[in-house]
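Data block below; observations after.
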Amino acid sequence: MLLLDGKTASAAVKNEIREETLQLLAAGKRAPHLAAILVGTNGASETYVASKVKNCEEVGFRSTLIRMDADVAEAELLDAIARLNADPEVDGILVQLPLPKQISEQKVIEAIDPDKDVDGFHPSSAGKLVQGLPSFIPATPYGIMLMLELFDITTKGKHAVVIGRSNIVGRPMSILLSSNQKRGNCTVTICHSHTPNLQEICLQADIIVAALGRPEFVKADMVKEGAVVIDVGITRVDDPTAKKGFRIKGDVAFAEVAPKTSAITPVPGGVGLMTIAGLLKNTLQAYKQNHAI
Ligand code: GUN
């Protein structure tokens, strides 16, 4: 069994980005700049955004974090996005999701300039992805594709089962794996909460992508011998014995599933780190497009 270690894989991607950034700076250009907006104080969102900012620093990017109160009016958030859209010094914009109830996530996603949409959530980016046009790929599916490439996982002709149909992970993942590209050309089945015979379908999978957000949902009796298993889950589960009072659990029961697989991602230390790598790649791409480099 090959452990698909996100630490090694993301370090390789980040090194490349750091090199390229250093070259830009050496040529007298400014650094790529990511602006992140965090609304409220959701613990998990705080952690993710802090990690995004820290990783920007590590590769030499500039980053700006804009914090807003949980009760901020939608109009105020939309104004902040409009200012970042108009700022020529900002290359990428992300608004951390989820957002409080008074704010329409869809309105916020659509307010971001598609040229700065480094999360790839804008309908324009999603539409381009579906049609196989160059676009910003949502960071998690992008990170998984980078990981498949770095660990040389064959996808052509394989049956991939994606569990979860979110716009952030499951849906774009299914499109990428089925597309006519090097780490694509899979036959993809997308499963969700209304799929009746999930176990039967998973047992046919050469590749499973678990992205439903239910801790340890995928058990050994759902996985074919030799399958590749990608675990996108990162749920905080209360655990008074842990230092922080919680533990991070994936969507896969790792201990029982891993021995059956040919390759599997750990949680933590797997897909989560690749998501950041995907975001950094998108930010560099936005910079280059906006500077016609
Ligand atoms: N919430 C969960 N995943 C993501 C992500 O990739 N981007 C943003 N902006 N919010 C998220």
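If you're wondering about the labels, chains in the structure tokens are A, B, ... by order shown, residues count from 1 in each chain, ligands from 1 in order shown.
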Residue contacts of region 58-63 of chain A (7 Å, only C-alpha atoms) excluding same-chain residues fewer than 6 positions away, as an MDAnalysis selection string: chainID A and resid 14 17:18 21 31:35
Generate the output file for the selected residues, all heavy atoms, as a PDB file, in the first residue's frame.
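Result saved to part-v9.pdb:
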ATOM      1  N   LYS A  14       4.825  23.490  -3.903  1.00  0.00           N
ATOM      2  CA  LYS A  14       5.165  24.797  -3.311  1.00  0.00           C
ATOM      3  C   LYS A  14       6.582  25.232  -3.685  1.00  0.00           C
ATOM      4  O   LYS A  14       6.827  26.421  -3.905  1.00  0.00           O
ATOM      5  CB  LYS A  14       4.984  24.743  -1.788  1.00  0.00           C
ATOM      6  CG  LYS A  14       3.519  24.910  -1.374  1.00  0.00           C
ATOM      7  CD  LYS A  14       3.253  24.528   0.051  1.00  0.00           C
ATOM      8  CE  LYS A  14       4.005  25.377   1.032  1.00  0.00           C
ATOM      9  NZ  LYS A  14       3.734  24.923   2.428  1.00  0.00           N
ATOM     10  N   ILE A  17       6.448  26.774  -7.050  1.00  0.00           N
ATOM     11  CA  ILE A  17       5.813  28.098  -7.007  1.00  0.00           C
ATOM     12  C   ILE A  17       6.786  29.120  -6.406  1.00  0.00           C
ATOM     13  O   ILE A  17       6.903  30.252  -6.902  1.00  0.00           O
ATOM     14  CB  ILE A  17       4.495  28.046  -6.194  1.00  0.00           C
ATOM     15  CG1 ILE A  17       3.483  27.147  -6.909  1.00  0.00           C
ATOM     16  CG2 ILE A  17       3.928  29.439  -5.986  1.00  0.00           C
ATOM     17  CD1 ILE A  17       2.207  26.894  -6.141  1.00  0.00           C
ATOM     18  N   ARG A  18       7.497  28.713  -5.369  1.00  0.00           N
ATOM     19  CA  ARG A  18       8.455  29.617  -4.714  1.00  0.00           C
ATOM     20  C   ARG A  18       9.546  30.034  -5.698  1.00  0.00           C
ATOM     21  O   ARG A  18       9.895  31.210  -5.789  1.00  0.00           O
ATOM     22  CB  ARG A  18       9.056  28.942  -3.473  1.00  0.00           C
ATOM     23  CG  ARG A  18       9.827  29.900  -2.584  1.00  0.00           C
ATOM     24  CD  ARG A  18      10.490  29.228  -1.383  1.00  0.00           C
ATOM     25  NE  ARG A  18       9.577  28.495  -0.539  1.00  0.00           N
ATOM     26  CZ  ARG A  18       9.533  27.166  -0.429  1.00  0.00           C
ATOM     27  NH1 ARG A  18      10.359  26.401  -1.125  1.00  0.00           N
ATOM     28  NH2 ARG A  18       8.674  26.590   0.369  1.00  0.00           N
ATOM     29  N   THR A  21       8.172  32.504  -8.127  1.00  0.00           N
ATOM     30  CA  THR A  21       7.952  33.802  -7.482  1.00  0.00           C
ATOM     31  C   THR A  21       9.281  34.550  -7.334  1.00  0.00           C
ATOM     32  O   THR A  21       9.350  35.764  -7.575  1.00  0.00           O
ATOM     33  CB  THR A  21       7.282  33.604  -6.102  1.00  0.00           C
ATOM     34  OG1 THR A  21       6.128  32.800  -6.282  1.00  0.00           O
ATOM     35  CG2 THR A  21       6.884  34.924  -5.477  1.00  0.00           C
ATOM     36  N   ALA A  31       5.075  40.759  -6.185  1.00  0.00           N
ATOM     37  CA  ALA A  31       4.688  39.376  -5.859  1.00  0.00           C
ATOM     38  C   ALA A  31       3.199  39.165  -6.144  1.00  0.00           C
ATOM     39  O   ALA A  31       2.409  40.109  -6.043  1.00  0.00           O
ATOM     40  CB  ALA A  31       4.978  39.104  -4.392  1.00  0.00           C
ATOM     41  N   PRO A  32       2.806  37.946  -6.476  1.00  0.00           N
ATOM     42  CA  PRO A  32       1.372  37.630  -6.564  1.00  0.00           C
ATOM     43  C   PRO A  32       0.697  37.912  -5.214  1.00  0.00           C
ATOM     44  O   PRO A  32       1.324  37.744  -4.163  1.00  0.00           O
ATOM     45  CB  PRO A  32       1.358  36.136  -6.876  1.00  0.00           C
ATOM     46  CG  PRO A  32       2.679  35.869  -7.532  1.00  0.00           C
ATOM     47  CD  PRO A  32       3.646  36.790  -6.856  1.00  0.00           C
ATOM     48  N   HIS A  33      -0.565  38.304  -5.261  1.00  0.00           N
ATOM     49  CA  HIS A  33      -1.257  38.781  -4.057  1.00  0.00           C
ATOM     50  C   HIS A  33      -2.640  38.138  -3.943  1.00  0.00           C
ATOM     51  O   HIS A  33      -3.477  38.314  -4.821  1.00  0.00           O
ATOM     52  CB  HIS A  33      -1.361  40.315  -4.155  1.00  0.00           C
ATOM     53  CG  HIS A  33      -2.032  40.960  -2.978  1.00  0.00           C
ATOM     54  ND1 HIS A  33      -2.368  42.297  -2.966  1.00  0.00           N
ATOM     55  CD2 HIS A  33      -2.416  40.480  -1.770  1.00  0.00           C
ATOM     56  CE1 HIS A  33      -2.948  42.606  -1.815  1.00  0.00           C
ATOM     57  NE2 HIS A  33      -2.995  41.506  -1.071  1.00  0.00           N
ATOM     58  N   LEU A  34      -2.834  37.416  -2.855  1.00  0.00           N
ATOM     59  CA  LEU A  34      -4.132  36.782  -2.564  1.00  0.00           C
ATOM     60  C   LEU A  34      -4.835  37.561  -1.457  1.00  0.00           C
ATOM     61  O   LEU A  34      -4.235  37.832  -0.413  1.00  0.00           O
ATOM     62  CB  LEU A  34      -3.918  35.333  -2.101  1.00  0.00           C
ATOM     63  CG  LEU A  34      -5.178  34.584  -1.640  1.00  0.00           C
ATOM     64  CD1 LEU A  34      -6.096  34.243  -2.817  1.00  0.00           C
ATOM     65  CD2 LEU A  34      -4.813  33.297  -0.891  1.00  0.00           C
ATOM     66  N   ALA A  35      -6.095  37.895  -1.683  1.00  0.00           N
ATOM     67  CA  ALA A  35      -6.903  38.536  -0.640  1.00  0.00           C
ATOM     68  C   ALA A  35      -7.969  37.549  -0.180  1.00  0.00           C
ATOM     69  O   ALA A  35      -8.694  36.981  -1.001  1.00  0.00           O
ATOM     70  CB  ALA A  35      -7.553  39.803  -1.171  1.00  0.00           C
TER      71      ALA A  35
END
Surrounding residues of Thr8 (chain A) excluding itself and chain neighbours under 2 positions, 12 Å, only C-alpha atoms, as number ranges by chain: A: 3-6, 10-15, 146-147, 150-151, 265, 269-271, 273-274, 277
Protein and nucleic acid residues within 6 Å of ligand 1 (only C-alpha atoms and all ligand atoms) as a count of residues only: 7
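With only C-alpha atoms as the atoms that count, the minimum distance from Arg236 (chain A) to the choices A:Pro259, A:Pro196, A:Gly43, A:Gly92 is reached by A:Gly43.
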In region 24-195 of chain A, DSSP strand (DSSP E) residues written as number ranges by chain: A: 33-39, 62-68, 92-95, 159-163, 187-191
A:Ala73, A:Val162, A:Val118, A:Ala80 ranked by distance to Leu99 (chain A), top pick (using only C-alpha atoms): A:Ala73
Of the listed residues A:Lys116, A:His159, A:Lys128, A:Lys249, that which approaches Gln289 (chain A) most closely, counting only C-alpha atoms: A:Lys116
Selection near Pro268 (chain A), 8 Å with only C-alpha atoms, sequence-local residues under 6 positions removed, as a PDB file with N, CA, C and O atoms, in the first residue's frame:
ATOM      1  N   ILE A 234     -12.706  16.160   6.338  1.00  0.00           N
ATOM      2  CA  ILE A 234     -11.944  16.776   7.445  1.00  0.00           C
ATOM      3  C   ILE A 234     -12.957  17.285   8.470  1.00  0.00           C
ATOM      4  O   ILE A 234     -13.169  18.476   8.617  1.00  0.00           O
ATOM      5  N   ILE A 248      -9.414  15.421  14.063  1.00  0.00           N
ATOM      6  CA  ILE A 248      -9.846  15.519  12.663  1.00  0.00           C
ATOM      7  C   ILE A 248     -10.044  14.102  12.118  1.00  0.00           C
ATOM      8  O   ILE A 248      -9.139  13.273  12.207  1.00  0.00           O
ATOM      9  N   LYS A 249     -11.235  13.866  11.609  1.00  0.00           N
ATOM     10  CA  LYS A 249     -11.528  12.539  11.033  1.00  0.00           C
ATOM     11  C   LYS A 249     -11.843  12.671   9.549  1.00  0.00           C
ATOM     12  O   LYS A 249     -12.545  13.593   9.130  1.00  0.00           O
ATOM     13  N   GLY A 250     -11.341  11.730   8.786  1.00  0.00           N
ATOM     14  CA  GLY A 250     -11.658  11.681   7.365  1.00  0.00           C
ATOM     15  C   GLY A 250     -12.973  10.955   7.120  1.00  0.00           C
ATOM     16  O   GLY A 250     -13.626  10.492   8.062  1.00  0.00           O
TER      17      GLY A 250
END
Test item, alpha helix (DSSP H) assignment across region 46-183 of chain A, answer as a PyMOL selection string: chain A and resi 46-59+74-86+105-111+123-130+139-150+170-178
Ala82 (chain A) environment, 12 Å, only C-alpha atoms, sequence neighbours closer than 2 positions dropped, as a ChimeraX atom specification: /A:75-80,84-88,90,93,108-113,116
Separation of CA of Pro141 (chain A) from CA of Lys224 (chain A) in Å: 22.6 Å
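Atom pair CA of Thr155 (chain A) / CA of Lys182 (chain A) has a distance of 8.0 Å (rounded to one decimal).
Coordinates place CA of Ala160 (chain A) at a distance of 24.8 Å from CA of Pro123 (chain A).
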Minimum-distance residue to Ala36 (chain A), chosen among A:Val229, A:Leu279, A:Leu212, A:Ala242 (using only C-alpha atoms): A:Leu279
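Remark: for Ala9 (chain A), the closest of the candidate residues A:Glu74, A:Glu89, A:Asp69, A:Asp152 is A:Asp152 (distances computed over only C-alpha atoms).
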Nearest-residue call for Ser51 (chain A), choices A:Leu280, A:Glu200, A:Val72, A:Ala292, using only C-alpha atoms: A:Leu280
